[in-house]
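Let me begin by presenting the structure, written as structure tokens, before commenting on it.
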Amino acid sequence: MKSFSLPRITVWRVIAVVLIAAGTVAALARFTLGLGATTNLSDEFPWGLWIGFDFLGIGLAAAGFTIVAAVHLFHADRYEPIVRPAILTAFIGYLLVVLVLIIDLGRPEHFWHPLVMWNPHSVMFEITWCVILYTTVLSLEFASIVVERFKLHAPIRWIHNMSLPFMIAGVLLSTLHQSSFGSLYLIVPNRLHALWYSPLLPILFFISCIASGVSMVIFETLILSRNGRTLLAPELRANLAKIIAVTLGIYLVVRFQDMSSRGVLHEMMIVTYQSIAFYVEIVIGFVIPLALLMSRRVRYSRRGLFISTALVLIGFAANRMNTAVTGMEIWPSRTYFPSVLEILITLGIAAIGFSAFTLVARYLPIFETEQHDEGASAPSIYDVVTDTQMVSRPD
Amino acid sequence: MIKKKAMLIDITLCVGCNACQDGCKSENKLAAGEEKRLSPSAYTALNEYNGVFVRRMCQHCDVPTCVSVCPVGAFTKLSEGPVLYDADKCIGCRYCMQACPFQVPRYEWSSTKPRVQKCKFCAPRITNGLQPACAEACPTGATKFGDRDELLREAYARINAEPDKYVHKIYGSDDVGGTSILYISSVPFEQLGFDTKLDKAPMPLLTWNALSKVPNVVTVGSVMLAGIWWITNRRTEVQRYEASQKQSTTTQTQDKQ
Ligand code: SF4
Ligand code: SF4
């Protein structure tokens with residue numbers, strides 16, 4: 001259908017194949033030998049790298065709901081070209097998380113239990129339901145792309161009529177899901193370090209995933225629009241970048257306000273393992289990109305955006321990993337570093353994700369929108385007039 | 001009404017003979033042999049702090065964190081006190097281990113069908129009017145089984161009788177909302193590995209404050225999103241209509257020329 005390929009695809013292919021093969025072997029070892037022999041998880045540290053990976057996968061998939069909400073619910077139609085990459089990212093992100101969960105769970109064959117054995121008091125219960133429902137919503141959204149590829153018009157109409165409730169459900173589920181990862185840690189005030197524990201964890205997790213979700217979209221479009229293609233016009237990218245800056249600002253205000261009201265600012269003043277990790281996270285992932293993105297020049301420069309969104313993503317990863325691992329460590333009695341097999345499995349799964357993304361992008365209409373219902377010309381006219389209309393219309 | 005049961009552990013009376021662990025192991029058919037830490041085959045273990053022995057075990061909380069966090073409800077709390085675990089339900093997410101304020105649940109890491117393991121408060125025995133195996137095995141009375149109210153009264157009496165000897169606190173009387181295992185000691189609890197900073201309110205409340213907002217988020221959220229969609233959709237339609245009007249006027253003018 002189109003001649004699109006990622007740069008240096010062959011090198012990547014080799015790396016991906018090696019990683020996937022190694023990951024598969026490691027996963028086989030995990031299932032035949034058990035968690036104890038293959039991971040560094042322990043009674044002191046029952047959650048490790050894989051929980052962190054879940055946080056990342058779900059967090060980056062947040063792009064899916066942010067963009068879908070903006071375009072389809074708020075009618076920010078100019079961002080239409082990135083809806084599909086965002087949905088695809090989210091869909092793959094969620095599938096990867098399900099894969100990691102199956103490897104992480106002690107009894108993966110009991111995975112379906114939360115469907116019939118309910119405990120609404122459990123955050124984990126809510127999360128399981130969010131994963132299941134949101135993956136369903138995403139697969140329906142994804143299905144609409146597939147049926148378009150095969151020109152099945154009846155299902156398209158059907159899905160389009162159904163999609164408003166689905167989209168609303170998707171946005172809500174995803175919101176709940178992001179914040180409930182934070183809620184997971186509400187119950188461990190005695191174990192999680194004061195620099196990360198907060199009764200506002202669900203809110204902080206939600207705010208930061210918006211910043212990282214939007215960053216992920218910009219980052220993706222920047223990488224994928226090499227070879228002369230541009231997925232998003234520079235002004236749109238700059239607008240998104242402004243959203244990131246505002247979100248980062250809000251996040252920092254809420255986080256520090258909360259720390260000062262809990263009286264833990266002094267934890268920052270002493271040099272500990274944890275406070276260093278805290279500074280790395282806050283400065284690299286929040287302060288520097290905020291400062292960068294305040295400048296108009298950065299927002300309009302490809303390189304500037306590339307660096308700042310990468311920093312936001314790194315900071316996001318650091319924040320989640322710090323919450324899941326660093327904040328739970330007590331030096332030297334309770335520490336954790338993932339085993340080689342844990343790392344191999346994680347890398348293998350990430351490689352599956354990247355390969356799936358490129359494969360799907362190659363065979364399905366992800367980076368172009370075909371017009372199927374309202375005639376091909378309407379949206380383009382609309383695009384041209386939108387801005388002037390916005391100004392002149394007295395709403 | 002069923003009386004809430006408890007065990008009073010008087011740390012001053014413990015001589016570190018390990019009889020409780022031995023009794024527990026034979027009652028629960030666990031691999032024999034002395035263990036110094038809780039493990040899947042040691043539901044109780046003695047920790048030593050400069051010659052003072054502290055029995056560790058599940059506290060059988062009144063409002064247990066493990067019961068509240070388990071996504072599939074594998075834990076249940078009996079009105080007599082025991083908190084029990086059902087391996088057939090467990091999916092192995094290990095949230096219970098992460099969340100338990102006393103870090104009690106242990107995992108069978110070496111198994112490919114791992115279970116969570118912890119003290120069962122000898123539920124089958126106490127529902128039949130017997131005392132737990134460990135209390136029965138204890139030669140000094142350092143572990144004493146009985147009704148919770150009575151044991152609390154007895155603990156106060158012991159502290160009042162020797163106020164200079166005992167620390168003026170019954171650990172477990174109200175920590176995390178109260179537990180079935182009560183400790184009294186002559187050495188300050190924080191020197192014996194006890195977390196004395198735990199809240200008096202049950203931990204599950206911390207989560208519930210957030211979780212109980214979920215239905216609100218869902219209802220208010222969906223109405224709001226649908227509303228926004230409706231408003232912006234209307235605006236887009238108006239714009240689209242005006243755009244097409246404009247276009248048709250331009251075409252008309254062009255036609256005239
Ligand atoms: S001590 Fe831990 S395992 Fe035992 S009842 Fe309380 S929360 Fe559950
Ligand atoms: S590990 Fe098992 S018992 Fe513990 S919370 Fe998860 S499902 Fe429940």
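Starting from 1 in every chain, residues are counted up; chains themselves are A, B, ... following the order of the structure tokens, and ligands are numbered from 1 as listed.
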Enumerate as a compact mmCIF listing (two decimals) with C-alpha atoms, in the first residue's frame the residues belonging to chain B that approach chain A to within 6 Å, with only C-alpha atoms taken into account.
```txt
# COMPACT_ATOMS: atom_id res chain seq x y z
CA SER B 68 -8.66 -5.58 51.54
CA VAL B 69 -5.91 -5.57 48.91
CA CYS B 70 -6.35 -9.03 47.43
CA PRO B 71 -8.03 -8.60 44.01
CA VAL B 72 -9.76 -11.96 44.16
CA GLY B 73 -10.65 -12.05 47.85
CA ILE B 91 -3.54 -15.32 41.21
CA GLY B 92 -0.11 -14.65 42.67
CA CYS B 93 0.01 -10.88 42.28
CA ALA B 99 0.88 -4.22 51.52
CA ARG B 106 5.72 -15.40 52.53
CA TRP B 109 9.29 -18.73 45.37
CA SER B 110 10.87 -22.04 44.41
CA SER B 111 7.60 -23.62 43.32
CA THR B 112 6.06 -23.38 39.85
CA LEU B 206 -6.25 4.84 53.07
CA THR B 207 -7.20 3.07 49.87
CA TRP B 229 -18.66 16.15 22.76
CA THR B 232 -17.97 20.83 20.30
```
Check stretch 125-213 of chain B with DSSP on the backbone and list each residue it calls helix (DSSP H, G or I), as an MDAnalysis selection string. chainID B and resid 125:127 133:137 148:161 175:177 189:192 204:211
Please produce an output containing N, CA, C and O atoms for each residue in the selection, written as a tab-separated table (two decimals), in the first residue's frame.
```tsv
chain	number	residue	atom	x	y	z
B	125	ARG	N	-8.53	-25.59	65.03
B	125	ARG	CA	-8.47	-25.90	66.46
B	125	ARG	C	-9.33	-24.94	67.27
B	125	ARG	O	-10.12	-25.37	68.12
B	126	ILE	N	-9.17	-23.62	67.02
B	126	ILE	CA	-9.87	-22.71	67.92
B	126	ILE	C	-11.38	-22.71	67.69
B	126	ILE	O	-12.14	-22.47	68.62
B	127	THR	N	-11.82	-23.03	66.45
B	127	THR	CA	-13.27	-23.13	66.28
B	127	THR	C	-13.80	-24.38	66.98
B	127	THR	O	-14.99	-24.51	67.22
B	133	ALA	N	-1.66	-24.45	68.52
B	133	ALA	CA	-0.57	-25.36	68.88
B	133	ALA	C	0.57	-24.64	69.58
B	133	ALA	O	1.17	-25.18	70.51
B	134	CYS	N	0.87	-23.41	69.17
B	134	CYS	CA	2.01	-22.71	69.76
B	134	CYS	C	1.74	-22.35	71.22
B	134	CYS	O	2.62	-22.49	72.07
B	135	ALA	N	0.50	-21.88	71.49
B	135	ALA	CA	0.17	-21.52	72.87
B	135	ALA	C	0.23	-22.75	73.76
B	135	ALA	O	0.70	-22.70	74.89
B	136	GLU	N	-0.23	-23.89	73.20
B	136	GLU	CA	-0.20	-25.13	73.96
B	136	GLU	C	1.23	-25.55	74.24
B	136	GLU	O	1.56	-26.05	75.32
B	137	ALA	N	2.14	-25.30	73.26
B	137	ALA	CA	3.52	-25.76	73.40
B	137	ALA	C	4.34	-24.88	74.32
B	137	ALA	O	5.34	-25.32	74.87
B	148	ARG	N	-10.17	-11.91	73.54
B	148	ARG	CA	-9.36	-10.70	73.38
B	148	ARG	C	-9.60	-9.71	74.52
B	148	ARG	O	-8.66	-9.15	75.07
B	149	ASP	N	-10.88	-9.51	74.90
B	149	ASP	CA	-11.18	-8.56	75.98
B	149	ASP	C	-10.44	-8.93	77.26
B	149	ASP	O	-9.82	-8.09	77.91
B	150	GLU	N	-10.52	-10.23	77.58
B	150	GLU	CA	-9.91	-10.67	78.82
B	150	GLU	C	-8.40	-10.51	78.79
B	150	GLU	O	-7.79	-10.07	79.76
B	151	LEU	N	-7.79	-10.88	77.64
B	151	LEU	CA	-6.34	-10.77	77.54
B	151	LEU	C	-5.89	-9.32	77.63
B	151	LEU	O	-4.85	-9.01	78.22
B	152	LEU	N	-6.67	-8.40	77.05
B	152	LEU	CA	-6.33	-6.98	77.16
B	152	LEU	C	-6.34	-6.57	78.63
B	152	LEU	O	-5.43	-5.89	79.12
B	153	ARG	N	-7.39	-7.02	79.35
B	153	ARG	CA	-7.48	-6.68	80.77
B	153	ARG	C	-6.27	-7.25	81.52
B	153	ARG	O	-5.65	-6.57	82.34
B	154	GLU	N	-5.93	-8.49	81.18
B	154	GLU	CA	-4.79	-9.11	81.86
B	154	GLU	C	-3.49	-8.37	81.57
B	154	GLU	O	-2.66	-8.16	82.47
B	155	ALA	N	-3.33	-7.94	80.31
B	155	ALA	CA	-2.11	-7.21	79.94
B	155	ALA	C	-2.01	-5.92	80.75
B	155	ALA	O	-0.95	-5.60	81.31
B	156	TYR	N	-3.13	-5.19	80.84
B	156	TYR	CA	-3.12	-3.96	81.66
B	156	TYR	C	-2.75	-4.29	83.09
B	156	TYR	O	-1.95	-3.58	83.72
B	157	ALA	N	-3.33	-5.38	83.62
B	157	ALA	CA	-3.07	-5.75	85.01
B	157	ALA	C	-1.58	-6.04	85.21
B	157	ALA	O	-0.97	-5.58	86.19
B	158	ARG	N	-0.97	-6.77	84.24
B	158	ARG	CA	0.46	-7.08	84.40
B	158	ARG	C	1.29	-5.81	84.37
B	158	ARG	O	2.22	-5.65	85.16
B	159	ILE	N	0.94	-4.89	83.46
B	159	ILE	CA	1.72	-3.65	83.38
B	159	ILE	C	1.54	-2.84	84.67
B	159	ILE	O	2.51	-2.31	85.23
B	160	ASN	N	0.29	-2.77	85.17
B	160	ASN	CA	0.03	-1.99	86.38
B	160	ASN	C	0.71	-2.60	87.60
B	160	ASN	O	1.15	-1.88	88.49
B	161	ALA	N	0.81	-3.94	87.63
B	161	ALA	CA	1.43	-4.59	88.78
B	161	ALA	C	2.92	-4.28	88.83
B	161	ALA	O	3.49	-4.14	89.92
B	175	ASP	N	-3.01	-0.55	67.28
B	175	ASP	CA	-2.22	-0.29	66.08
B	175	ASP	C	-2.93	-0.87	64.86
B	175	ASP	O	-3.50	-1.97	64.93
B	176	VAL	N	-2.91	-0.13	63.77
B	176	VAL	CA	-3.67	-0.43	62.55
B	176	VAL	C	-5.09	-0.92	62.86
B	176	VAL	O	-5.62	-1.80	62.21
B	177	GLY	N	-5.70	-0.31	63.86
B	177	GLY	CA	-7.08	-0.66	64.18
B	177	GLY	C	-7.22	-1.84	65.11
B	177	GLY	O	-8.32	-2.32	65.36
B	189	PHE	N	9.45	-0.93	72.27
B	189	PHE	CA	9.12	-1.75	71.10
B	189	PHE	C	9.95	-1.41	69.88
B	189	PHE	O	10.31	-2.28	69.10
B	190	GLU	N	10.29	-0.11	69.73
B	190	GLU	CA	11.03	0.24	68.51
B	190	GLU	C	12.43	-0.38	68.50
B	190	GLU	O	13.02	-0.54	67.45
B	191	GLN	N	12.93	-0.79	69.68
B	191	GLN	CA	14.24	-1.46	69.70
B	191	GLN	C	14.12	-2.95	69.39
B	191	GLN	O	15.11	-3.66	69.30
B	192	LEU	N	12.89	-3.43	69.27
B	192	LEU	CA	12.68	-4.86	69.03
B	192	LEU	C	12.11	-5.10	67.63
B	192	LEU	O	11.47	-6.12	67.37
B	204	PRO	N	-6.66	-0.16	55.42
B	204	PRO	CA	-7.52	-0.19	54.23
B	204	PRO	C	-8.28	1.12	54.01
B	204	PRO	O	-8.67	1.42	52.89
B	205	LEU	N	-8.46	1.91	55.08
B	205	LEU	CA	-9.15	3.19	54.89
B	205	LEU	C	-8.40	4.09	53.92
B	205	LEU	O	-9.00	4.86	53.17
B	206	LEU	N	-7.06	4.00	53.94
B	206	LEU	CA	-6.25	4.84	53.07
B	206	LEU	C	-6.64	4.63	51.62
B	206	LEU	O	-6.72	5.57	50.83
B	207	THR	N	-6.84	3.37	51.24
B	207	THR	CA	-7.20	3.07	49.87
B	207	THR	C	-8.66	3.40	49.62
B	207	THR	O	-9.02	3.89	48.56
B	208	TRP	N	-9.45	3.10	50.61
B	208	TRP	CA	-10.89	3.25	50.40
B	208	TRP	C	-11.25	4.69	50.10
B	208	TRP	O	-12.14	4.97	49.30
B	209	ASN	N	-10.55	5.63	50.74
B	209	ASN	CA	-10.80	7.04	50.46
B	209	ASN	C	-10.70	7.32	48.98
B	209	ASN	O	-11.47	8.12	48.43
B	210	ALA	N	-9.72	6.70	48.30
B	210	ALA	CA	-9.55	6.94	46.87
B	210	ALA	C	-10.53	6.09	46.07
B	210	ALA	O	-11.19	6.58	45.15
B	211	LEU	N	-10.65	4.81	46.44
B	211	LEU	CA	-11.46	3.90	45.63
B	211	LEU	C	-12.94	4.27	45.65
B	211	LEU	O	-13.65	4.09	44.67
```
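Shortest atom-to-atom contact with ligand 2 among B:Met224, B:Val167, B:Cys61, B:Cys96: B:Cys96, counting only C-alpha atoms and all ligand atoms.
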In terms of only C-alpha atoms and all ligand atoms, the residue from B:Val104, B:Cys119, B:Ile170, B:Cys90 at minimal distance from ligand 2 is B:Cys90
If we count only C-alpha atoms, what is near A:Ala22 at a cut-off of 12 Å, once residues fewer than 3 positions away on the same chain are taken out, given as a ChimeraX atom specification? /A:15-19,25-29,340-349,351-352
Would you mind exporting the chosen residues as a JSON list (two decimals), in the first residue's frame, restricted to C-alpha atoms?
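Ended up saving to part.json:
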```
[["chain", "number", "residue", "atom", "x", "y", "z"],
["A", 15, "ILE", "CA", 18.58, -6.62, 17.29],
["A", 16, "ALA", "CA", 14.86, -7.24, 17.67],
["A", 17, "VAL", "CA", 15.15, -10.87, 16.63],
["A", 18, "VAL", "CA", 18.02, -11.47, 19.05],
["A", 19, "LEU", "CA", 16.18, -9.79, 21.91],
["A", 25, "VAL", "CA", 14.27, -18.55, 26.28],
["A", 26, "ALA", "CA", 14.29, -16.57, 29.53],
["A", 27, "ALA", "CA", 10.50, -16.77, 29.73],
["A", 28, "LEU", "CA", 10.63, -20.54, 29.24],
["A", 29, "ALA", "CA", 13.12, -20.73, 32.09],
["A", 340, "VAL", "CA", 19.63, -11.00, 34.09],
["A", 341, "LEU", "CA", 16.64, -13.12, 33.18],
["A", 342, "GLU", "CA", 14.19, -10.46, 34.35],
["A", 343, "ILE", "CA", 15.99, -7.91, 32.20],
["A", 344, "LEU", "CA", 16.12, -10.24, 29.18],
["A", 345, "ILE", "CA", 12.41, -10.97, 29.40],
["A", 346, "THR", "CA", 11.63, -7.27, 29.69],
["A", 347, "LEU", "CA", 13.82, -6.34, 26.74],
["A", 348, "GLY", "CA", 12.35, -9.18, 24.68],
["A", 349, "ILE", "CA", 8.84, -7.94, 25.35],
["A", 351, "ALA", "CA", 11.30, -5.66, 21.23],
["A", 352, "ILE", "CA", 8.06, -7.47, 20.45]]
```
One residue among B:Lys29, B:His60, B:Lys77, B:Arg37 is nearest to ligand 1 when using only C-alpha atoms and all ligand atoms, and that residue is B:His60
Distance query stretch 138-140 of chain B at most 9 Å, only C-alpha atoms, self and fewer than 4 positions along chain excluded, as a list in words: Leu13, Cys14, Val15, Cys17, Asn18, Ala19, Cys20, Gly23, Ala133, Cys134 and Lys144 of chain B
File dump, residues just selected, C-alpha atoms, as a PDB file, in the first residue's frame:
```
ATOM      1  CA  LEU B  13       8.572 -14.390  79.771  1.00  0.00           C
ATOM      2  CA  CYS B  14      10.001 -15.781  76.532  1.00  0.00           C
ATOM      3  CA  VAL B  15      13.141 -17.849  77.021  1.00  0.00           C
ATOM      4  CA  CYS B  17      13.233 -22.290  73.536  1.00  0.00           C
ATOM      5  CA  ASN B  18      11.573 -22.393  70.095  1.00  0.00           C
ATOM      6  CA  ALA B  19       8.826 -24.717  71.328  1.00  0.00           C
ATOM      7  CA  CYS B  20       6.185 -22.536  69.607  1.00  0.00           C
ATOM      8  CA  GLY B  23       4.591 -27.068  67.843  1.00  0.00           C
ATOM      9  CA  ALA B 133      -0.572 -25.363  68.877  1.00  0.00           C
ATOM     10  CA  CYS B 134       2.011 -22.711  69.761  1.00  0.00           C
ATOM     11  CA  LYS B 144      -1.242 -17.129  76.146  1.00  0.00           C
TER      12      LYS B 144
END
```
Could you give me the residues within 6 Å of ligand 1, counting only C-alpha atoms and all ligand atoms, as a VMD selection string? chain B and resid 58 to 61 64 to 66 83 100 to 102 104 to 105
Any chance you can output those residues with N, CA and C atoms as a PDB file, in the first residue's frame?
```pdb
ATOM      1  N   CYS B  58       1.838 -13.751  61.840  1.00  0.00           N
ATOM      2  CA  CYS B  58       0.735 -12.927  61.348  1.00  0.00           C
ATOM      3  C   CYS B  58      -0.013 -12.361  62.550  1.00  0.00           C
ATOM      4  N   GLN B  59      -0.365 -11.078  62.490  1.00  0.00           N
ATOM      5  CA  GLN B  59      -1.013 -10.423  63.631  1.00  0.00           C
ATOM      6  C   GLN B  59      -2.527 -10.618  63.639  1.00  0.00           C
ATOM      7  N   HIS B  60      -3.060 -11.191  62.574  1.00  0.00           N
ATOM      8  CA  HIS B  60      -4.508 -11.387  62.456  1.00  0.00           C
ATOM      9  C   HIS B  60      -5.260 -10.107  62.806  1.00  0.00           C
ATOM     10  N   CYS B  61      -4.953  -9.085  61.990  1.00  0.00           N
ATOM     11  CA  CYS B  61      -5.515  -7.748  62.186  1.00  0.00           C
ATOM     12  C   CYS B  61      -7.043  -7.784  62.226  1.00  0.00           C
ATOM     13  N   PRO B  64      -7.967  -6.393  58.357  1.00  0.00           N
ATOM     14  CA  PRO B  64      -6.694  -6.805  57.749  1.00  0.00           C
ATOM     15  C   PRO B  64      -6.447  -6.149  56.389  1.00  0.00           C
ATOM     16  N   THR B  65      -5.228  -5.656  56.241  1.00  0.00           N
ATOM     17  CA  THR B  65      -4.819  -5.079  54.966  1.00  0.00           C
ATOM     18  C   THR B  65      -4.849  -6.130  53.863  1.00  0.00           C
ATOM     19  N   CYS B  66      -4.376  -7.338  54.172  1.00  0.00           N
ATOM     20  CA  CYS B  66      -4.299  -8.388  53.155  1.00  0.00           C
ATOM     21  C   CYS B  66      -5.689  -8.703  52.604  1.00  0.00           C
ATOM     22  N   VAL B  83      -7.258 -14.892  60.157  1.00  0.00           N
ATOM     23  CA  VAL B  83      -7.301 -14.422  58.769  1.00  0.00           C
ATOM     24  C   VAL B  83      -6.777 -15.573  57.924  1.00  0.00           C
ATOM     25  N   CYS B 100       1.007  -5.785  53.420  1.00  0.00           N
ATOM     26  CA  CYS B 100       0.866  -6.137  54.841  1.00  0.00           C
ATOM     27  C   CYS B 100       1.754  -5.233  55.693  1.00  0.00           C
ATOM     28  N   PRO B 101       1.170  -4.513  56.657  1.00  0.00           N
ATOM     29  CA  PRO B 101       1.966  -3.568  57.450  1.00  0.00           C
ATOM     30  C   PRO B 101       3.037  -4.256  58.298  1.00  0.00           C
ATOM     31  N   PHE B 102       2.902  -5.568  58.505  1.00  0.00           N
ATOM     32  CA  PHE B 102       3.889  -6.285  59.318  1.00  0.00           C
ATOM     33  C   PHE B 102       4.778  -7.188  58.458  1.00  0.00           C
ATOM     34  N   VAL B 104       4.290  -9.891  56.692  1.00  0.00           N
ATOM     35  CA  VAL B 104       4.162 -11.267  57.140  1.00  0.00           C
ATOM     36  C   VAL B 104       4.071 -12.297  56.004  1.00  0.00           C
ATOM     37  N   PRO B 105       3.209 -12.105  55.001  1.00  0.00           N
ATOM     38  CA  PRO B 105       3.013 -13.201  54.042  1.00  0.00           C
ATOM     39  C   PRO B 105       4.317 -13.591  53.342  1.00  0.00           C
TER      40      PRO B 105
END
```
Contacts of A:Leu231 within 10 Å, only C-alpha atoms, excl. fewer than 5 positions in-chain, as a PDB file with N, CA, C and O atoms, in the first residue's frame:
```pdb
ATOM      1  N   TYR A  79      -5.780  17.406  14.845  1.00  0.00           N
ATOM      2  CA  TYR A  79      -4.820  16.405  15.323  1.00  0.00           C
ATOM      3  C   TYR A  79      -5.153  15.006  14.815  1.00  0.00           C
ATOM      4  O   TYR A  79      -4.507  14.036  15.181  1.00  0.00           O
ATOM      5  N   GLU A  80      -6.168  14.934  13.970  1.00  0.00           N
ATOM      6  CA  GLU A  80      -6.599  13.651  13.409  1.00  0.00           C
ATOM      7  C   GLU A  80      -5.447  12.746  12.960  1.00  0.00           C
ATOM      8  O   GLU A  80      -5.451  11.551  13.238  1.00  0.00           O
ATOM      9  N   PRO A  81      -4.424  13.283  12.264  1.00  0.00           N
ATOM     10  CA  PRO A  81      -3.381  12.376  11.754  1.00  0.00           C
ATOM     11  C   PRO A  81      -2.666  11.569  12.840  1.00  0.00           C
ATOM     12  O   PRO A  81      -2.051  10.558  12.524  1.00  0.00           O
ATOM     13  N   ILE A  82      -2.703  12.023  14.078  1.00  0.00           N
ATOM     14  CA  ILE A  82      -1.967  11.245  15.076  1.00  0.00           C
ATOM     15  C   ILE A  82      -2.875  10.348  15.901  1.00  0.00           C
ATOM     16  O   ILE A  82      -2.414   9.641  16.783  1.00  0.00           O
ATOM     17  N   PRO A  85      -1.758   6.529  15.146  1.00  0.00           N
ATOM     18  CA  PRO A  85      -0.532   6.126  15.835  1.00  0.00           C
ATOM     19  C   PRO A  85      -0.734   6.043  17.344  1.00  0.00           C
ATOM     20  O   PRO A  85      -0.212   5.131  18.005  1.00  0.00           O
ATOM     21  N   ILE A 218       4.510  13.165  20.454  1.00  0.00           N
ATOM     22  CA  ILE A 218       5.421  14.040  19.710  1.00  0.00           C
ATOM     23  C   ILE A 218       6.676  13.261  19.317  1.00  0.00           C
ATOM     24  O   ILE A 218       7.129  13.293  18.174  1.00  0.00           O
ATOM     25  N   GLU A 220       7.130  10.088  18.959  1.00  0.00           N
ATOM     26  CA  GLU A 220       6.834   9.121  17.900  1.00  0.00           C
ATOM     27  C   GLU A 220       6.730   9.794  16.547  1.00  0.00           C
ATOM     28  O   GLU A 220       7.320   9.336  15.565  1.00  0.00           O
ATOM     29  N   THR A 221       5.966  10.898  16.483  1.00  0.00           N
ATOM     30  CA  THR A 221       5.787  11.540  15.175  1.00  0.00           C
ATOM     31  C   THR A 221       7.115  12.087  14.686  1.00  0.00           C
ATOM     32  O   THR A 221       7.384  12.065  13.487  1.00  0.00           O
ATOM     33  N   LEU A 222       7.965  12.552  15.605  1.00  0.00           N
ATOM     34  CA  LEU A 222       9.265  13.062  15.156  1.00  0.00           C
ATOM     35  C   LEU A 222      10.099  11.944  14.556  1.00  0.00           C
ATOM     36  O   LEU A 222      10.718  12.106  13.510  1.00  0.00           O
ATOM     37  N   LEU A 224       9.014   9.057  13.358  1.00  0.00           N
ATOM     38  CA  LEU A 224       8.397   8.420  12.203  1.00  0.00           C
ATOM     39  C   LEU A 224       8.256   9.358  11.025  1.00  0.00           C
ATOM     40  O   LEU A 224       7.988   8.918   9.920  1.00  0.00           O
ATOM     41  N   SER A 225       8.400  10.674  11.256  1.00  0.00           N
ATOM     42  CA  SER A 225       8.218  11.534  10.089  1.00  0.00           C
ATOM     43  C   SER A 225       9.543  11.915   9.449  1.00  0.00           C
ATOM     44  O   SER A 225       9.680  12.952   8.866  1.00  0.00           O
ATOM     45  N   ARG A 226      10.528  11.038   9.595  1.00  0.00           N
ATOM     46  CA  ARG A 226      11.730  11.228   8.776  1.00  0.00           C
ATOM     47  C   ARG A 226      11.363  10.939   7.325  1.00  0.00           C
ATOM     48  O   ARG A 226      10.208  10.709   7.011  1.00  0.00           O
ATOM     49  N   LEU A 236       1.081  22.540  15.283  1.00  0.00           N
ATOM     50  CA  LEU A 236       0.363  21.591  16.122  1.00  0.00           C
ATOM     51  C   LEU A 236       1.292  20.954  17.138  1.00  0.00           C
ATOM     52  O   LEU A 236       0.951  20.790  18.301  1.00  0.00           O
ATOM     53  N   ARG A 237       2.498  20.631  16.669  1.00  0.00           N
ATOM     54  CA  ARG A 237       3.488  20.081  17.599  1.00  0.00           C
ATOM     55  C   ARG A 237       3.775  21.084  18.700  1.00  0.00           C
ATOM     56  O   ARG A 237       3.841  20.742  19.876  1.00  0.00           O
ATOM     57  N   PHE A 367      -0.800   5.689   9.143  1.00  0.00           N
ATOM     58  CA  PHE A 367      -0.324   7.052   8.968  1.00  0.00           C
ATOM     59  C   PHE A 367      -1.025   7.775   7.840  1.00  0.00           C
ATOM     60  O   PHE A 367      -0.507   8.700   7.265  1.00  0.00           O
ATOM     61  N   GLU A 368      -2.175   7.308   7.451  1.00  0.00           N
ATOM     62  CA  GLU A 368      -2.965   8.075   6.492  1.00  0.00           C
ATOM     63  C   GLU A 368      -4.411   7.786   6.818  1.00  0.00           C
ATOM     64  O   GLU A 368      -4.756   6.681   7.202  1.00  0.00           O
TER      65      GLU A 368
END
```
Taking only C-alpha atoms into account, which of A:Pro365, A:Gly23, A:Gly249, A:Gly182 comes nearest A:Phe55?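 Closest to A:Phe55 of all the choices is A:Gly182.
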